[in-house]
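Student: Quick one: structure below, then a few questions.
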Amino acid sequence: MSWKILLFGAINLTCTGFLLMWCSSTNSIALTAYTYLTIFDLFSLITCLISYWVMMRKPSPAYSFGFERLEVLAVFASTVLAQLGALFILKESAERFLEQPEIHTGRLLVGTFVALSFNLFTMLSIRNKPFAYVSEAASTSWLQEHVADLSRSLCGIIPGLSSIFLPRMNPFVLIDLAGAFALCITYMLIEINNYFAVDTASAIAIALMTFGTMYPMSVYSGKVLLQTTPPHVIGQLDKLIREVSTLDGVLEVRNEHFWTLGFGSLAGSVHVRIRRDANEQMVLAHVTNRLYTLVSTLTVQIFKDDWIRPALLSGPVAANVLNFTDHHVIPMPPLKGTDDSNPVTSTPTKPSSPPPEFSFNTPGKNVSPVILLNTQTRPYGLGLNHGHAPYSSVLNQGLGVPGIGATQGFRTGFTNIPSRYGTNSRIGQPRP
């Protein structure tokens, strides 16, 4: 296969050299524009050779995705160079409109048929996989759309031609035929009426057809190089992601990213969060099986649910949490296990149960229960005597009611501090 490509490349260089000499002898810019299509065929052969080399190469640690993007880059470079050649022809044609030179038709028609024959023979003899895929996947050019409209009318009269002209013709064959047709008209008009300006008009027409044919291919290959997701597979990927999220053990599918690796191949990565009791290998096999129908190169990261229920912890009071120098701290006995009963309420305690809702984000969280007794009499601006109270009376004042009496003291360790966390030790005492 590679020797065949090299042989056609050598023949292409020979034909291109003869065509450029005939362009100089005829002084025809239209033939020059048509010769640029032969040069584009040389780029197409180089792309085909790169594609053949990519098929023989294996992915390496340095290039884990392989070398498929090389053929994408080759297609993009070839189409962009063809458009630059068309712009050069447009610039030269604009200059010729100001001063039209004389055109010699001696070898104009010969050069046209030589270039057409070689271009068609190259396209029909060598299967160029990258350009064949791009010509089908890219959007249609304006030349293809107009020819398709004419083909529908013609196929209505002759149905047998529908297999050739419909749904759309090969863009490379179409531009070769259209360019040869323009050169034939140029030759006849110059021979009959010496109308040399038609050569410039034909050159502009060939340049516009070249630019309009190559532009959709450049856009498509450029999007592949930018690692975008093809629009026609977005709906199918969304459907597969929804199916994966409903698999047994799957809690969430996130950070999904899919892009075009090469022509006809997709790559992607996805994170899947599963239950702690789910089988990682089983979930991985099911996810890969679902997505592999579209994504040929897939990376799936499985991680188990890391949610941990918050629990109450007991420990000593930190020095910077509660610092009252005028109180004595008497530690309470530690809480008993699940099988024992609470000495206050005679209700079995459950250390594993979540803390009360009203105790979240309070200074007394994660602090061991203590009772603080005041041995002094301190006036708080009203001349009241705040002495110590018996242990039983402290626990019986508003037990079990949030924010009242011993309950607050049981949580924070202070029962005799007024206006602190909504408690007041003077509840039930008469006003002075």
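In the structure tokens, each chain is lettered A, B, ... as it comes, each chain's residues begin at 1, and ligands are numbered from 1 in order of appearance.
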Using only C-alpha atoms, I'd like a table of the residues in region 129-206 of chain A that come within 10 Å of region 44-64 of chain A; for each, show the closest atom pair and its distance in Å rounded to one decimal, ordered by chain and ascending number, as a tab-separated table.

Tutor:
```
residue	atom	partner	partner_atom	distance
A:Lys129	CA	A:Cys48	CA	7.0
A:Pro130	CA	A:Cys48	CA	7.1
A:Phe131	CA	A:Ser44	CA	7.7
```

Student: Could you please take those selected residues and save N, CA, C and O atoms as a PDB file, in the first residue's frame?

Tutor:
```
ATOM      1  N   LYS A 129      -8.674   7.142   3.510  1.00  0.00           N
ATOM      2  CA  LYS A 129      -9.609   7.020   4.627  1.00  0.00           C
ATOM      3  C   LYS A 129      -9.890   8.342   5.339  1.00  0.00           C
ATOM      4  O   LYS A 129     -11.056   8.665   5.612  1.00  0.00           O
ATOM      5  N   PRO A 130      -8.886   9.154   5.682  1.00  0.00           N
ATOM      6  CA  PRO A 130      -9.192  10.417   6.382  1.00  0.00           C
ATOM      7  C   PRO A 130     -10.085  11.355   5.580  1.00  0.00           C
ATOM      8  O   PRO A 130     -11.073  11.873   6.103  1.00  0.00           O
ATOM      9  N   PHE A 131      -9.767  11.578   4.308  1.00  0.00           N
ATOM     10  CA  PHE A 131     -10.566  12.498   3.512  1.00  0.00           C
ATOM     11  C   PHE A 131     -11.936  11.901   3.175  1.00  0.00           C
ATOM     12  O   PHE A 131     -12.906  12.646   3.020  1.00  0.00           O
TER      13      PHE A 131
END
```

Student: Can you build me a table of region 124-209 of chain A residues sitting at most 12 Å from region 2-7 of chain A, with the closest atom pair per residue and its distance in Å to one decimal, using only C-alpha atoms, sorted by chain and residue number, as a tab-separated table?

Tutor:
```
residue	atom	partner	partner_atom	distance
A:Ser125	CA	A:Lys4	CA	9.5
A:Ile126	CA	A:Ile5	CA	7.6
A:Arg127	CA	A:Ile5	CA	10.0
A:Asn128	CA	A:Ile5	CA	10.1
```

Student: Could you tell me, as a list in words, which residues of region 227-297 of chain A DSSP assigns to helix (DSSP H, G or I) when given the backbone?

Tutor: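 Output for region 227-297 of chain A, helix (DSSP H, G or I) only: Pro231, His232, Val233, Ile234, Gly235, Gln236, Leu237, Asp238, Lys239, Leu240, Ile241, Arg242, Glu243, Val244, Ser245, Glu280, Gln281, Met282, Val283, Leu284, Ala285, His286, Val287, Thr288, Asn289, Arg290 and Leu291 of chain A.
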
Student: So that I can see what lies close to region 265-280 of chain A, please list as a ChimeraX atom specification the residues with an atom at most 6 Å from it, counting only C-alpha atoms and leaving out residues fewer than 3 positions away in the same chain.

Tutor: /A:249-262,283,295-305

Student: Save out the residues we just selected, N, CA, C and O atoms, as a compact mmCIF listing (two decimals), in the first residue's frame.

Tutor:
```txt
# COMPACT_ATOMS: atom_id res chain seq x y z
N GLY A 249 -26.24 0.18 42.61
CA GLY A 249 -25.06 0.59 43.36
C GLY A 249 -24.53 1.95 42.99
O GLY A 249 -23.70 2.50 43.72
N VAL A 250 -24.96 2.55 41.88
CA VAL A 250 -24.46 3.85 41.45
C VAL A 250 -25.28 4.95 42.12
O VAL A 250 -26.51 4.98 42.03
N LEU A 251 -24.58 5.85 42.81
CA LEU A 251 -25.24 6.98 43.46
C LEU A 251 -25.17 8.25 42.62
O LEU A 251 -26.12 9.04 42.62
N GLU A 252 -24.08 8.45 41.91
CA GLU A 252 -23.92 9.71 41.16
C GLU A 252 -22.90 9.51 40.05
O GLU A 252 -21.92 8.77 40.21
N VAL A 253 -23.15 10.16 38.92
CA VAL A 253 -22.22 10.21 37.80
C VAL A 253 -21.88 11.68 37.56
O VAL A 253 -22.76 12.49 37.28
N ARG A 254 -20.62 12.02 37.68
CA ARG A 254 -20.24 13.43 37.58
C ARG A 254 -18.89 13.55 36.86
O ARG A 254 -18.21 12.56 36.59
N ASN A 255 -18.56 14.80 36.55
CA ASN A 255 -17.29 15.13 35.87
C ASN A 255 -17.13 14.35 34.57
O ASN A 255 -16.01 13.95 34.22
N GLU A 256 -18.23 14.16 33.84
CA GLU A 256 -18.11 13.45 32.58
C GLU A 256 -17.60 14.40 31.49
O GLU A 256 -18.01 15.55 31.43
N HIS A 257 -16.69 13.89 30.69
CA HIS A 257 -16.09 14.70 29.61
C HIS A 257 -15.80 13.76 28.45
O HIS A 257 -15.10 12.76 28.61
N PHE A 258 -16.33 14.10 27.27
CA PHE A 258 -16.13 13.30 26.08
C PHE A 258 -15.65 14.21 24.95
O PHE A 258 -16.16 15.32 24.80
N TRP A 259 -14.70 13.72 24.18
CA TRP A 259 -14.17 14.50 23.09
C TRP A 259 -13.78 13.57 21.94
O TRP A 259 -13.65 12.35 22.12
N THR A 260 -13.59 14.18 20.76
CA THR A 260 -13.21 13.42 19.57
C THR A 260 -11.70 13.25 19.54
O THR A 260 -10.96 14.23 19.50
N LEU A 261 -11.27 12.00 19.57
CA LEU A 261 -9.84 11.71 19.56
C LEU A 261 -9.29 11.73 18.14
O LEU A 261 -8.24 12.28 17.87
N GLY A 262 -10.00 11.11 17.22
CA GLY A 262 -9.63 11.07 15.81
C GLY A 262 -10.88 10.95 14.98
O GLY A 262 -12.00 11.14 15.47
N VAL A 283 -19.61 -2.83 39.13
CA VAL A 283 -20.09 -1.53 38.63
C VAL A 283 -19.22 -1.04 37.48
O VAL A 283 -19.72 -0.52 36.48
N VAL A 295 -17.98 5.27 23.04
CA VAL A 295 -16.66 5.78 23.45
C VAL A 295 -15.67 4.63 23.38
O VAL A 295 -15.74 3.67 24.16
N SER A 296 -14.73 4.72 22.44
CA SER A 296 -13.76 3.64 22.26
C SER A 296 -12.65 3.69 23.29
O SER A 296 -12.13 2.64 23.70
N THR A 297 -12.25 4.87 23.72
CA THR A 297 -11.20 5.03 24.73
C THR A 297 -11.84 5.67 25.96
O THR A 297 -12.16 6.86 25.94
N LEU A 298 -12.03 4.88 27.01
CA LEU A 298 -12.80 5.33 28.17
C LEU A 298 -12.00 5.15 29.44
O LEU A 298 -11.34 4.12 29.64
N THR A 299 -12.05 6.17 30.31
CA THR A 299 -11.45 6.12 31.64
C THR A 299 -12.54 6.32 32.67
O THR A 299 -13.21 7.36 32.67
N VAL A 300 -12.74 5.34 33.55
CA VAL A 300 -13.78 5.39 34.58
C VAL A 300 -13.12 5.34 35.94
O VAL A 300 -12.32 4.43 36.22
N GLN A 301 -13.41 6.32 36.78
CA GLN A 301 -12.89 6.36 38.14
C GLN A 301 -14.03 6.05 39.11
O GLN A 301 -15.01 6.79 39.17
N ILE A 302 -13.89 4.95 39.83
CA ILE A 302 -14.90 4.51 40.79
C ILE A 302 -14.43 4.88 42.19
O ILE A 302 -13.29 4.58 42.58
N PHE A 303 -15.28 5.52 42.96
CA PHE A 303 -14.97 5.79 44.37
C PHE A 303 -16.23 5.61 45.18
O PHE A 303 -17.33 5.95 44.75
N LYS A 304 -16.06 5.06 46.38
CA LYS A 304 -17.19 4.75 47.23
C LYS A 304 -17.63 5.98 48.00
O LYS A 304 -16.89 6.94 48.17
N ASP A 305 -18.86 5.90 48.48
CA ASP A 305 -19.45 7.02 49.21
C ASP A 305 -18.65 7.26 50.48
O ASP A 305 -18.45 6.34 51.30
```

Student: Among region 59-291 of chain A, which ones does DSSP assign to strand (DSSP E or B) (computed from the backbone)? Answer as a list in words.

Tutor: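 Reading the DSSP output for region 59-291 of chain A, strand (DSSP E or B) covers Val250, Leu251, Glu252, Val253, Arg254, Asn255, Glu256, His257, Phe258, Trp259, Thr260, Leu261, Gly262, Ser265, Leu266, Ala267, Gly268, Ser269, Val270, His271, Val272, Arg273 and Ile274 of chain A.
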
Student: Between CA of Leu116 (chain A) and CA of Val173 (chain A), measure the distance and give it in Å to one decimal.

Tutor: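 Value for the CA of Leu116 (chain A)-CA of Val173 (chain A) distance: 9.4 Å.
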
Student: Skip region 217-220 of chain A itself and residues of its chain fewer than 4 positions away, then list as a compact mmCIF listing (two decimals) with all heavy atoms, in the first residue's frame all residues within 7 Å of it, counting only C-alpha atoms.

Tutor:
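Written file, selection.txt:
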```txt
# COMPACT_ATOMS: atom_id res chain seq x y z
N PHE A 76 -6.34 18.92 8.23
CA PHE A 76 -6.53 20.35 8.50
C PHE A 76 -5.51 21.19 7.73
O PHE A 76 -5.85 22.21 7.12
CB PHE A 76 -6.42 20.60 10.01
CG PHE A 76 -6.59 22.03 10.40
CD1 PHE A 76 -7.86 22.61 10.45
CD2 PHE A 76 -5.49 22.82 10.73
CE1 PHE A 76 -8.02 23.94 10.82
CE2 PHE A 76 -5.64 24.13 11.09
CZ PHE A 76 -6.92 24.70 11.14
N THR A 79 -6.30 21.18 3.81
CA THR A 79 -7.44 22.02 3.42
C THR A 79 -7.14 23.50 3.59
O THR A 79 -7.57 24.33 2.78
CB THR A 79 -8.68 21.63 4.24
OG1 THR A 79 -8.36 21.67 5.64
CG2 THR A 79 -9.15 20.22 3.88
N VAL A 80 -6.40 23.85 4.63
CA VAL A 80 -6.05 25.26 4.83
C VAL A 80 -5.11 25.74 3.73
O VAL A 80 -5.25 26.87 3.21
CB VAL A 80 -5.43 25.45 6.23
CG1 VAL A 80 -4.81 26.84 6.35
CG2 VAL A 80 -6.48 25.27 7.31
N VAL A 134 -13.96 12.65 6.32
CA VAL A 134 -14.26 14.08 6.49
C VAL A 134 -15.29 14.54 5.46
O VAL A 134 -16.19 15.32 5.77
CB VAL A 134 -12.97 14.89 6.37
CG1 VAL A 134 -13.26 16.38 6.34
CG2 VAL A 134 -12.05 14.58 7.53
N SER A 135 -15.20 14.05 4.25
CA SER A 135 -16.16 14.46 3.22
C SER A 135 -17.58 14.02 3.54
O SER A 135 -18.54 14.67 3.12
CB SER A 135 -15.73 13.90 1.86
OG SER A 135 -15.72 12.48 1.88
N ALA A 138 -18.41 16.15 7.39
CA ALA A 138 -18.49 17.60 7.37
C ALA A 138 -19.78 18.06 6.71
O ALA A 138 -20.45 17.30 5.99
CB ALA A 138 -17.28 18.18 6.63
N VAL A 224 -12.18 18.89 15.73
CA VAL A 224 -11.59 17.66 16.28
C VAL A 224 -10.28 17.98 17.01
O VAL A 224 -10.02 17.45 18.10
CB VAL A 224 -11.36 16.63 15.17
CG1 VAL A 224 -10.62 15.41 15.70
CG2 VAL A 224 -12.68 16.20 14.56
```

Student: Grab the CA of Ala77 (chain A) to CA of Ala115 (chain A) distance for me, in Å with one decimal place.

Tutor: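 Distance between the two atoms: 22.4 Å.
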
Student: CA of Tyr34 (chain A) to CA of Ile206 (chain A): how many Å, to one decimal?

Tutor: 7.0 Å

Student: Nearest to Met169 (chain A) among A:Thr288, A:Thr186, A:Thr213, A:Thr200, with distances taken over only C-alpha atoms: which residue is it?

Tutor: A:Thr213
